[in-house]
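File shown: data_29.cif (mmCIF, C-alpha atoms).
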data_protein
#
loop_
_atom_site.label_atom_id
_atom_site.label_comp_id
_atom_site.auth_asym_id
_atom_site.auth_seq_id
_atom_site.Cartn_x
_atom_site.Cartn_y
_atom_site.Cartn_z
CA MET A 149 13.35 20.30 -5.18
CA ASP A 150 13.87 20.81 -8.92
CA ARG A 151 14.16 17.06 -9.37
CA PHE A 152 10.89 16.57 -7.51
CA ILE A 153 9.07 19.14 -9.67
CA ASN A 154 10.44 17.64 -12.90
CA THR A 155 9.42 14.17 -11.74
CA MET A 156 5.95 15.43 -10.85
CA PHE A 157 5.59 17.09 -14.26
CA ASN A 158 6.63 13.89 -16.04
CA GLY A 159 4.17 12.01 -13.85
CA VAL A 160 1.35 14.34 -14.88
CA SER A 161 2.20 13.97 -18.58
CA LEU A 162 2.28 10.16 -18.25
CA SER A 163 -0.99 10.29 -16.32
CA SER A 164 -2.58 12.28 -19.13
CA ILE A 165 -1.74 9.58 -21.69
CA ILE A 166 -2.97 6.87 -19.34
CA LEU A 167 -6.16 8.88 -18.83
CA LEU A 168 -6.78 9.25 -22.55
CA THR A 169 -6.26 5.51 -23.04
CA SER A 170 -8.33 4.52 -20.02
CA LEU A 171 -11.27 6.79 -20.94
CA GLY A 172 -12.15 4.46 -23.79
CA LEU A 173 -11.83 1.44 -21.53
CA ALA A 174 -13.95 3.08 -18.86
CA ILE A 175 -16.92 3.82 -21.08
CA THR A 176 -16.81 0.54 -23.04
CA PHE A 177 -16.33 -1.73 -20.04
CA GLY A 178 -18.77 0.32 -17.99
CA LEU A 179 -21.41 0.03 -20.72
CA MET A 180 -20.83 -3.38 -22.26
CA ARG A 181 -18.74 -5.23 -19.67
CA VAL A 182 -16.29 -6.15 -22.42
CA ILE A 183 -12.61 -6.46 -21.54
CA ASN A 184 -11.00 -5.26 -24.75
CA MET A 185 -7.47 -6.66 -24.83
CA ALA A 186 -6.96 -5.06 -28.26
CA HIS A 187 -7.39 -1.54 -26.87
CA GLY A 188 -3.63 -1.01 -26.78
CA GLU A 189 -3.43 -1.80 -30.47
CA PHE A 190 -5.76 1.12 -31.19
CA VAL A 191 -3.16 3.29 -29.49
CA MET A 192 -0.60 1.76 -31.83
CA ILE A 193 -2.81 2.40 -34.87
CA GLY A 194 -3.24 6.03 -33.82
CA ALA A 195 0.53 6.41 -33.50
CA TYR A 196 1.17 4.84 -36.90
CA THR A 197 -1.55 7.02 -38.44
CA THR A 198 0.32 10.05 -37.14
CA TYR A 199 3.49 8.72 -38.74
CA VAL A 200 1.76 8.12 -42.09
CA VAL A 201 0.22 11.61 -42.11
CA GLN A 202 3.62 13.12 -41.38
CA GLN A 203 5.21 11.19 -44.24
CA ILE A 204 2.49 12.40 -46.62
CA PHE A 205 3.13 16.00 -45.60
CA VAL A 206 6.90 15.56 -45.96
CA LYS A 207 6.51 14.10 -49.44
CA TYR A 208 3.78 16.28 -50.93
CA CYS A 209 3.63 19.55 -48.98
CA PRO A 210 5.97 22.55 -48.92
CA VAL A 211 8.18 23.02 -45.89
CA SER A 212 6.24 26.08 -44.76
CA ILE A 213 3.13 24.07 -43.87
CA ARG A 214 4.62 20.75 -42.78
CA ASP A 215 4.12 21.54 -39.10
CA VAL A 216 0.37 21.52 -39.72
CA TYR A 217 0.53 17.74 -40.15
CA TYR A 218 -0.10 17.11 -36.46
CA PHE A 219 -3.41 18.95 -36.50
CA VAL A 220 -4.42 16.74 -39.42
CA ALA A 221 -3.09 13.61 -37.71
CA ILE A 222 -5.27 14.02 -34.61
CA PRO A 223 -8.66 13.79 -36.40
CA ALA A 224 -7.19 11.23 -38.82
CA ALA A 225 -6.11 8.97 -35.96
CA PHE A 226 -9.49 9.36 -34.31
CA GLY A 227 -11.31 8.64 -37.57
CA VAL A 228 -9.30 5.53 -38.45
CA THR A 229 -9.61 3.98 -35.00
CA PHE A 230 -13.27 5.03 -34.73
CA ILE A 231 -14.11 3.15 -37.93
CA LEU A 232 -12.03 0.11 -36.97
CA GLY A 233 -13.61 0.07 -33.52
CA SER A 234 -17.09 0.26 -35.00
CA LEU A 235 -16.35 -2.64 -37.36
CA LEU A 236 -14.80 -4.70 -34.56
CA GLU A 237 -17.84 -4.19 -32.35
CA LYS A 238 -20.31 -4.91 -35.13
CA PHE A 239 -18.79 -8.12 -36.45
CA ILE A 240 -17.07 -9.63 -33.40
CA ILE A 241 -17.72 -7.99 -30.03
CA SER A 242 -21.50 -7.83 -30.47
CA ARG A 243 -21.61 -11.61 -30.80
CA LEU A 244 -19.81 -12.11 -27.49
CA TYR A 245 -21.86 -10.01 -25.06
CA GLY A 246 -22.34 -11.79 -21.76
CA ARG A 247 -19.40 -14.10 -22.48
CA GLU A 248 -16.55 -12.32 -20.70
CA ILE A 249 -13.92 -15.01 -21.15
CA ASP A 250 -14.75 -15.47 -24.83
CA SER A 251 -14.60 -11.72 -25.49
CA LEU A 252 -11.30 -11.45 -23.61
CA LEU A 253 -9.75 -14.27 -25.65
CA ALA A 254 -11.18 -12.95 -28.92
CA THR A 255 -9.86 -9.42 -28.40
CA TRP A 256 -6.50 -10.81 -27.29
CA GLY A 257 -6.32 -12.73 -30.56
CA ILE A 258 -7.25 -9.58 -32.47
CA SER A 259 -4.46 -7.69 -30.69
CA LEU A 260 -1.94 -10.28 -31.90
CA ILE A 261 -3.28 -10.02 -35.45
CA LEU A 262 -3.03 -6.22 -35.40
CA GLN A 263 0.50 -6.34 -34.03
CA GLN A 264 1.59 -8.73 -36.77
CA ALA A 265 -0.13 -6.59 -39.40
CA ALA A 266 1.82 -3.57 -38.15
CA ARG A 267 5.08 -5.52 -38.38
CA SER A 268 4.24 -6.60 -41.91
CA ILE A 269 3.41 -3.07 -43.06
CA PHE A 270 5.95 -0.94 -41.17
CA GLY A 271 8.64 -3.49 -40.33
CA THR A 272 10.00 -4.67 -37.02
CA GLN A 273 12.15 -1.59 -36.46
CA GLY A 274 10.59 1.37 -34.71
CA VAL A 275 9.72 4.53 -36.61
CA ASN A 276 9.87 8.06 -35.30
CA VAL A 277 7.60 11.06 -35.62
CA THR A 278 9.24 14.46 -35.70
CA ALA A 279 7.39 16.87 -33.46
CA PRO A 280 6.24 20.13 -35.07
CA SER A 281 8.78 22.90 -34.68
CA PHE A 282 6.51 24.89 -32.36
CA LEU A 283 6.69 22.01 -29.86
CA ASN A 284 10.48 22.03 -29.70
CA GLY A 285 12.07 23.37 -26.54
CA GLY A 286 10.27 24.23 -23.37
CA ILE A 287 9.67 26.66 -20.55
CA LYS A 288 12.54 26.88 -18.09
CA ILE A 289 11.80 28.02 -14.57
CA GLY A 290 14.79 27.84 -12.27
CA GLY A 291 16.24 24.38 -12.64
CA CYS A 292 13.01 22.94 -14.04
CA THR A 293 12.19 22.53 -17.71
CA PHE A 294 8.63 22.01 -18.89
CA SER A 295 8.81 20.75 -22.46
CA TYR A 296 6.30 22.11 -24.94
CA ASN A 297 5.39 18.69 -26.29
CA ARG A 298 4.41 17.37 -22.85
CA LEU A 299 2.49 20.57 -22.09
CA PHE A 300 0.68 20.16 -25.40
CA ILE A 301 -0.20 16.56 -24.55
CA ILE A 302 -1.63 17.63 -21.19
CA LEU A 303 -3.72 20.33 -22.92
CA LEU A 304 -4.91 17.88 -25.59
CA VAL A 305 -5.99 15.35 -22.98
CA ALA A 306 -7.78 18.04 -20.97
CA LEU A 307 -9.74 19.04 -24.08
CA CYS A 308 -10.62 15.40 -24.82
CA LEU A 309 -11.74 14.87 -21.22
CA LEU A 310 -13.94 17.97 -21.43
CA LEU A 311 -15.41 16.75 -24.73
CA VAL A 312 -16.15 13.28 -23.33
CA TRP A 313 -17.77 14.85 -20.27
CA PHE A 314 -19.94 17.01 -22.52
CA ILE A 315 -20.97 14.02 -24.63
CA MET A 316 -21.80 11.87 -21.61
CA TYR A 317 -23.59 14.42 -19.46
CA LYS A 318 -24.87 17.17 -21.75
CA SER A 319 -25.84 15.46 -25.00
CA ASN A 320 -28.84 13.34 -25.89
CA PHE A 321 -26.57 10.45 -26.86
CA GLY A 322 -24.87 10.67 -23.48
CA LYS A 323 -28.23 10.33 -21.76
CA GLN A 324 -28.92 7.22 -23.80
CA MET A 325 -25.48 5.84 -23.00
CA ARG A 326 -25.94 6.34 -19.26
CA ALA A 327 -29.44 4.89 -19.41
CA VAL A 328 -28.14 1.72 -21.06
CA MET A 329 -25.28 1.60 -18.57
CA GLN A 330 -27.66 1.81 -15.60
CA ASN A 331 -30.40 -0.50 -16.84
CA ARG A 332 -30.21 -1.93 -20.35
CA THR A 333 -33.61 -3.65 -20.24
CA MET A 334 -35.47 -0.55 -19.12
CA ALA A 335 -33.61 1.58 -21.67
CA LYS A 336 -34.80 -0.75 -24.43
CA CYS A 337 -38.36 -0.47 -23.13
CA MET A 338 -38.06 3.31 -23.39
CA GLY A 339 -37.21 3.01 -27.09
CA ILE A 340 -33.43 3.40 -26.90
CA ASN A 341 -31.57 1.44 -29.57
CA SER A 342 -29.02 -0.21 -27.30
CA ARG A 343 -27.21 -1.87 -30.21
CA LYS A 344 -26.54 1.50 -31.80
CA VAL A 345 -25.44 2.94 -28.46
CA ASP A 346 -23.06 0.02 -27.93
CA ASN A 347 -21.52 0.41 -31.38
CA ILE A 348 -21.00 4.16 -31.20
CA THR A 349 -19.70 3.98 -27.64
CA PHE A 350 -17.16 1.31 -28.53
CA ALA A 351 -16.11 3.32 -31.58
CA ILE A 352 -15.66 6.49 -29.50
CA GLY A 353 -13.56 4.57 -26.98
CA SER A 354 -11.39 3.26 -29.80
CA GLY A 355 -11.09 6.75 -31.26
CA LEU A 356 -9.87 8.12 -27.93
CA ALA A 357 -7.19 5.43 -27.93
CA GLY A 358 -6.20 6.63 -31.40
CA ILE A 359 -5.74 10.17 -30.09
CA ALA A 360 -3.66 8.72 -27.26
CA GLY A 361 -1.50 7.18 -29.98
CA CYS A 362 -0.96 10.67 -31.42
CA SER A 363 0.33 11.76 -28.03
CA VAL A 364 2.56 8.73 -27.64
CA ALA A 365 4.09 9.42 -31.07
CA LEU A 366 5.54 12.69 -29.77
CA LEU A 367 7.41 11.01 -26.93
CA GLY A 368 9.38 8.22 -28.54
CA SER A 369 9.75 5.51 -31.12
CA ILE A 370 6.68 3.73 -32.51
CA ASP A 371 6.57 -0.02 -32.97
CA SER A 372 3.98 -2.77 -32.98
CA THR A 373 4.00 -3.09 -29.18
CA VAL A 374 3.84 0.60 -28.27
CA GLY A 375 0.27 0.29 -27.02
CA GLN A 376 1.15 -2.50 -24.61
CA SER A 377 3.29 -0.05 -22.64
CA TYR A 378 0.18 1.83 -21.52
CA ILE A 379 -2.65 -0.67 -21.55
CA VAL A 380 -1.86 -2.36 -18.21
CA ASN A 381 -1.69 0.96 -16.37
CA SER A 382 -4.89 2.04 -18.11
CA PHE A 383 -6.75 -1.06 -16.94
CA MET A 384 -5.51 -0.44 -13.41
CA ALA A 385 -6.64 3.20 -13.58
CA VAL A 386 -10.15 2.15 -14.64
CA VAL A 387 -10.46 -0.46 -11.90
CA LEU A 388 -8.94 1.83 -9.27
CA GLY A 389 -11.20 4.76 -10.13
CA GLY A 390 -14.40 2.77 -10.46
CA VAL A 391 -15.73 1.33 -13.69
CA GLY A 392 -17.73 3.80 -15.78
CA LYS A 393 -16.92 6.92 -13.72
CA LEU A 394 -15.04 9.69 -15.53
CA LEU A 395 -13.88 11.40 -12.34
CA GLY A 396 -12.71 8.10 -10.89
CA THR A 397 -10.84 7.26 -14.09
CA ALA A 398 -9.15 10.66 -14.07
CA ILE A 399 -8.08 10.36 -10.44
CA GLY A 400 -7.01 6.75 -10.94
CA SER A 401 -4.89 7.75 -13.94
CA VAL A 402 -3.15 10.49 -11.96
CA ILE A 403 -2.45 8.10 -9.09
CA ILE A 404 -1.12 5.33 -11.36
CA GLY A 405 0.94 7.66 -13.56
CA SER A 406 2.46 9.63 -10.69
CA ALA A 407 3.19 6.52 -8.64
CA SER A 408 4.84 4.86 -11.64
CA ILE A 409 7.12 7.82 -12.35
CA PHE A 410 8.07 8.41 -8.71
CA THR A 411 8.84 4.76 -7.94
CA GLU A 412 10.68 4.32 -11.24
CA ASN A 413 12.78 7.38 -10.43
CA TYR A 414 14.14 5.73 -7.31
CA THR A 415 14.10 2.07 -8.37
CA SER A 416 13.87 0.37 -11.77
CA SER A 417 10.97 0.23 -14.20
CA THR A 418 10.29 -3.43 -13.38
CA ILE A 419 10.27 -2.88 -9.62
CA ALA A 420 8.14 0.25 -10.08
CA LYS A 421 5.48 -1.69 -11.98
CA ALA A 422 5.46 -4.37 -9.29
CA ILE A 423 5.10 -1.79 -6.51
CA VAL A 424 2.25 0.04 -8.26
CA LEU A 425 0.45 -3.25 -8.94
CA LEU A 426 0.86 -4.27 -5.30
CA ILE A 427 -0.57 -0.94 -4.12
CA VAL A 428 -3.60 -1.34 -6.40
CA ILE A 429 -4.17 -4.93 -5.23
CA ILE A 430 -4.05 -3.89 -1.57
CA PHE A 431 -6.45 -1.01 -2.22
CA LEU A 432 -8.92 -3.22 -4.10
CA GLN A 433 -8.84 -5.75 -1.28
CA LYS A 434 -10.19 -3.02 0.98
CA ARG A 435 -12.45 -1.33 -1.59
CA PRO A 436 -13.16 -3.66 -4.54
CA GLN A 437 -15.64 -1.25 -6.14
CA GLY A 438 -12.91 1.37 -6.64
CA LEU A 439 -12.86 5.00 -5.62
CA PHE A 440 -16.30 5.73 -7.07
CA VAL A 441 -19.30 3.50 -7.65
CA ILE A 442 -21.64 3.88 -10.59
CA LYS A 443 -25.29 3.90 -9.57
CA SER A 444 -27.46 1.20 -11.07
CA ARG A 445 -31.18 0.57 -11.09
CA ASN A 446 -30.90 -3.13 -11.83
CA LEU A 447 -32.78 -5.07 -9.16
CA ASP A 448 -30.27 -7.90 -9.26
CA GLU A 449 -27.25 -5.70 -8.50
#
Represent the structure contained in this file as structure tokens.
Amino acid sequence: MDRFINTMFNGVSLSSIILLTSLGLAITFGLMRVINMAHGEFVMIGAYTTYVVQQIFVKYCPVSIRDVYYFVAIPAAFGVTFILGSLLEKFIISRLYGREIDSLLATWGISLILQQAARSIFGTQGVNVTAPSFLNGGIKIGGCTFSYNRLFIILLVALCLLLVWFIMYKSNFGKQMRAVMQNRTMAKCMGINSRKVDNITFAIGSGLAGIAGCSVALLGSIDSTVGQSYIVNSFMAVVLGGVGKLLGTAIGSVIIGSASIFTENYTSSTIAKAIVLLIVIIFLQKRPQGLFVIKSRNLDE
């Protein structure tokens, strides 16, 4: 029983990282129909930003305040990836709307460039981020241990999910975003600047991936391919949940993360990935629109 609870807890923590990564994919693909193959590299950039911030604190700050670095790293990672995402959308992605294959190939090429840039700057060996001292240890209940760093990640993701929900459903920008998502032509006729909405939305999605990188940095070594470990599961979570639906993305992330951990616990990581992929394929054969369907007012849909 203890093993089951520990496995379930690890599954929830993995699901939370997948959710944070897939949130950006959900809103960008749902709005712009762009398959961003470089999304995993924004996770990597967020993780490396966390590492850089930590090194700055270690070098220039007294020991008494070094643990604060993580609370600086979170907005820093979001800011760096937000700006990079905005620039990527403005100069490359915006020129490829309606050309799915071209955008896929272009973003795949960008992902390779970013990976090589990371290798050139930080080297081929992985680097490690030391978790703040208040995240060391965990809560022990019976034979189960709930580590503080994983609990913190779950809390961080929950806050990000709440913030994204507020932006999408309670803010004026969120109304514009959903209007463009449902009917771009009509939204333009109503005076909404769809180009601005596209750019900010893509930047927000990239920023969320950066925060996911902060979370990943607490769990293991960081290298140029760290984002690739999560991007496939994130894509599956988006497709499984229904493109553009926050609730569907959240449920899809929990299903993918939990299934991955449970199957990996009893098989190997390779077999686990194959089993999860097979389950998703079978499900999509029966329900290709995913768990939830976004409503559209386009006459041709």
For Gln203 (chain A), work out the shell of residues within 12 Å, counting only C-alpha atoms and skipping chain neighbours fewer than 6 positions away, then give it as a PyMOL selection string. chain A and resi 196-197+209+214-215+217-218+221+275-278
What residues come out when you apply the PyMOL selection byres ((chain A and resi 302) around 12) to this file, written as a PyMOL selection string? chain A and resi 157-168+294-301+303-309+360+363-364+402
Those residues with C-alpha atoms, as a PDB file, keeping the file's coordinate frame please?
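Dumped to selection_29.pdb:
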ATOM      1  CA  PHE A 157       5.590  17.090 -14.260  1.00  0.00           C
ATOM      2  CA  ASN A 158       6.630  13.890 -16.040  1.00  0.00           C
ATOM      3  CA  GLY A 159       4.170  12.010 -13.850  1.00  0.00           C
ATOM      4  CA  VAL A 160       1.350  14.340 -14.880  1.00  0.00           C
ATOM      5  CA  SER A 161       2.200  13.970 -18.580  1.00  0.00           C
ATOM      6  CA  LEU A 162       2.280  10.160 -18.250  1.00  0.00           C
ATOM      7  CA  SER A 163      -0.990  10.290 -16.320  1.00  0.00           C
ATOM      8  CA  SER A 164      -2.580  12.280 -19.130  1.00  0.00           C
ATOM      9  CA  ILE A 165      -1.740   9.580 -21.690  1.00  0.00           C
ATOM     10  CA  ILE A 166      -2.970   6.870 -19.340  1.00  0.00           C
ATOM     11  CA  LEU A 167      -6.160   8.880 -18.830  1.00  0.00           C
ATOM     12  CA  LEU A 168      -6.780   9.250 -22.550  1.00  0.00           C
ATOM     13  CA  PHE A 294       8.630  22.010 -18.890  1.00  0.00           C
ATOM     14  CA  SER A 295       8.810  20.750 -22.460  1.00  0.00           C
ATOM     15  CA  TYR A 296       6.300  22.110 -24.940  1.00  0.00           C
ATOM     16  CA  ASN A 297       5.390  18.690 -26.290  1.00  0.00           C
ATOM     17  CA  ARG A 298       4.410  17.370 -22.850  1.00  0.00           C
ATOM     18  CA  LEU A 299       2.490  20.570 -22.090  1.00  0.00           C
ATOM     19  CA  PHE A 300       0.680  20.160 -25.400  1.00  0.00           C
ATOM     20  CA  ILE A 301      -0.200  16.560 -24.550  1.00  0.00           C
ATOM     21  CA  LEU A 303      -3.720  20.330 -22.920  1.00  0.00           C
ATOM     22  CA  LEU A 304      -4.910  17.880 -25.590  1.00  0.00           C
ATOM     23  CA  VAL A 305      -5.990  15.350 -22.980  1.00  0.00           C
ATOM     24  CA  ALA A 306      -7.780  18.040 -20.970  1.00  0.00           C
ATOM     25  CA  LEU A 307      -9.740  19.040 -24.080  1.00  0.00           C
ATOM     26  CA  CYS A 308     -10.620  15.400 -24.820  1.00  0.00           C
ATOM     27  CA  LEU A 309     -11.740  14.870 -21.220  1.00  0.00           C
ATOM     28  CA  ALA A 360      -3.660   8.720 -27.260  1.00  0.00           C
ATOM     29  CA  SER A 363       0.330  11.760 -28.030  1.00  0.00           C
ATOM     30  CA  VAL A 364       2.560   8.730 -27.640  1.00  0.00           C
ATOM     31  CA  VAL A 402      -3.150  10.490 -11.960  1.00  0.00           C
TER      32      VAL A 402
END
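Look at Ile399 (chain A): the protein and nucleic acid residues within 8 Å of it, using only C-alpha atoms and passing over chain neighbours fewer than 3 places away, are Ala385, Gly389, Leu395, Gly396, Val402 and Ile403 of chain A.
Of note, CA of Lys318 (chain A) and CA of Gly188 (chain A) are spaced 28.4 Å apart.
Among the candidate residues A:Ile241, A:Ile153, A:Met329, A:Leu356, the one lying nearest to Pro223 (chain A) is A:Leu356, with distances computed using all atoms listed in the file.
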Can you build me a table of region 161-246 of chain A residues sitting at most 10 Å from region 253-263 of chain A, with the closest atom pair per residue and its distance in Å to one decimal, using only C-alpha atoms, sorted by chain and residue number, as a tab-separated table?
residue	atom	partner	partner_atom	distance
A:Val182	CA	A:Thr255	CA	9.4
A:Ile183	CA	A:Thr255	CA	8.0
A:Asn184	CA	A:Thr255	CA	5.7
A:Met185	CA	A:Trp256	CA	4.9
A:Ala186	CA	A:Ser259	CA	4.4
A:His187	CA	A:Ser259	CA	7.8
A:Gly188	CA	A:Ser259	CA	7.8
A:Glu189	CA	A:Ser259	CA	6.0
A:Phe190	CA	A:Leu262	CA	8.9
A:Met192	CA	A:Gln263	CA	8.5
A:Ile193	CA	A:Leu262	CA	8.6
A:Leu236	CA	A:Thr255	CA	9.2
A:Ile240	CA	A:Ala254	CA	8.1
A:Ile241	CA	A:Thr255	CA	8.2
A:Leu244	CA	A:Ala254	CA	8.8
Near-Phe226 (chain A) list (6 Å; all atoms listed in the file; drop same-chain fewer than 6 positions) as a PDB file with C-alpha atoms, in the frame of the given file:
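This is the output file out-v7.pdb:
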ATOM      1  CA  GLY A 355     -11.090   6.750 -31.260  1.00  0.00           C
ATOM      2  CA  GLY A 358      -6.200   6.630 -31.400  1.00  0.00           C
ATOM      3  CA  ILE A 359      -5.740  10.170 -30.090  1.00  0.00           C
TER       4      ILE A 359
END
Considering all atoms listed in the file, return as a list in words whatever protein or nucleic-acid residues lie within 12 Å of region 414-416 of chain A, sequence-local ones (same chain, fewer than 5 positions apart) excluded. Arg151, Phe152, Thr155, Ala407, Ser408, Ile409, Lys421, Ala422 and Ile423 of chain A
Those residues you just picked out, can you put them in a file as a tab-separated table (two decimals), in the frame of the given file with C-alpha atoms?
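out_32.tsv was written with the following content:
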chain	number	residue	atom	x	y	z
A	151	ARG	CA	14.16	17.06	-9.37
A	152	PHE	CA	10.89	16.57	-7.51
A	155	THR	CA	9.42	14.17	-11.74
A	407	ALA	CA	3.19	6.52	-8.64
A	408	SER	CA	4.84	4.86	-11.64
A	409	ILE	CA	7.12	7.82	-12.35
A	421	LYS	CA	5.48	-1.69	-11.98
A	422	ALA	CA	5.46	-4.37	-9.29
A	423	ILE	CA	5.10	-1.79	-6.51
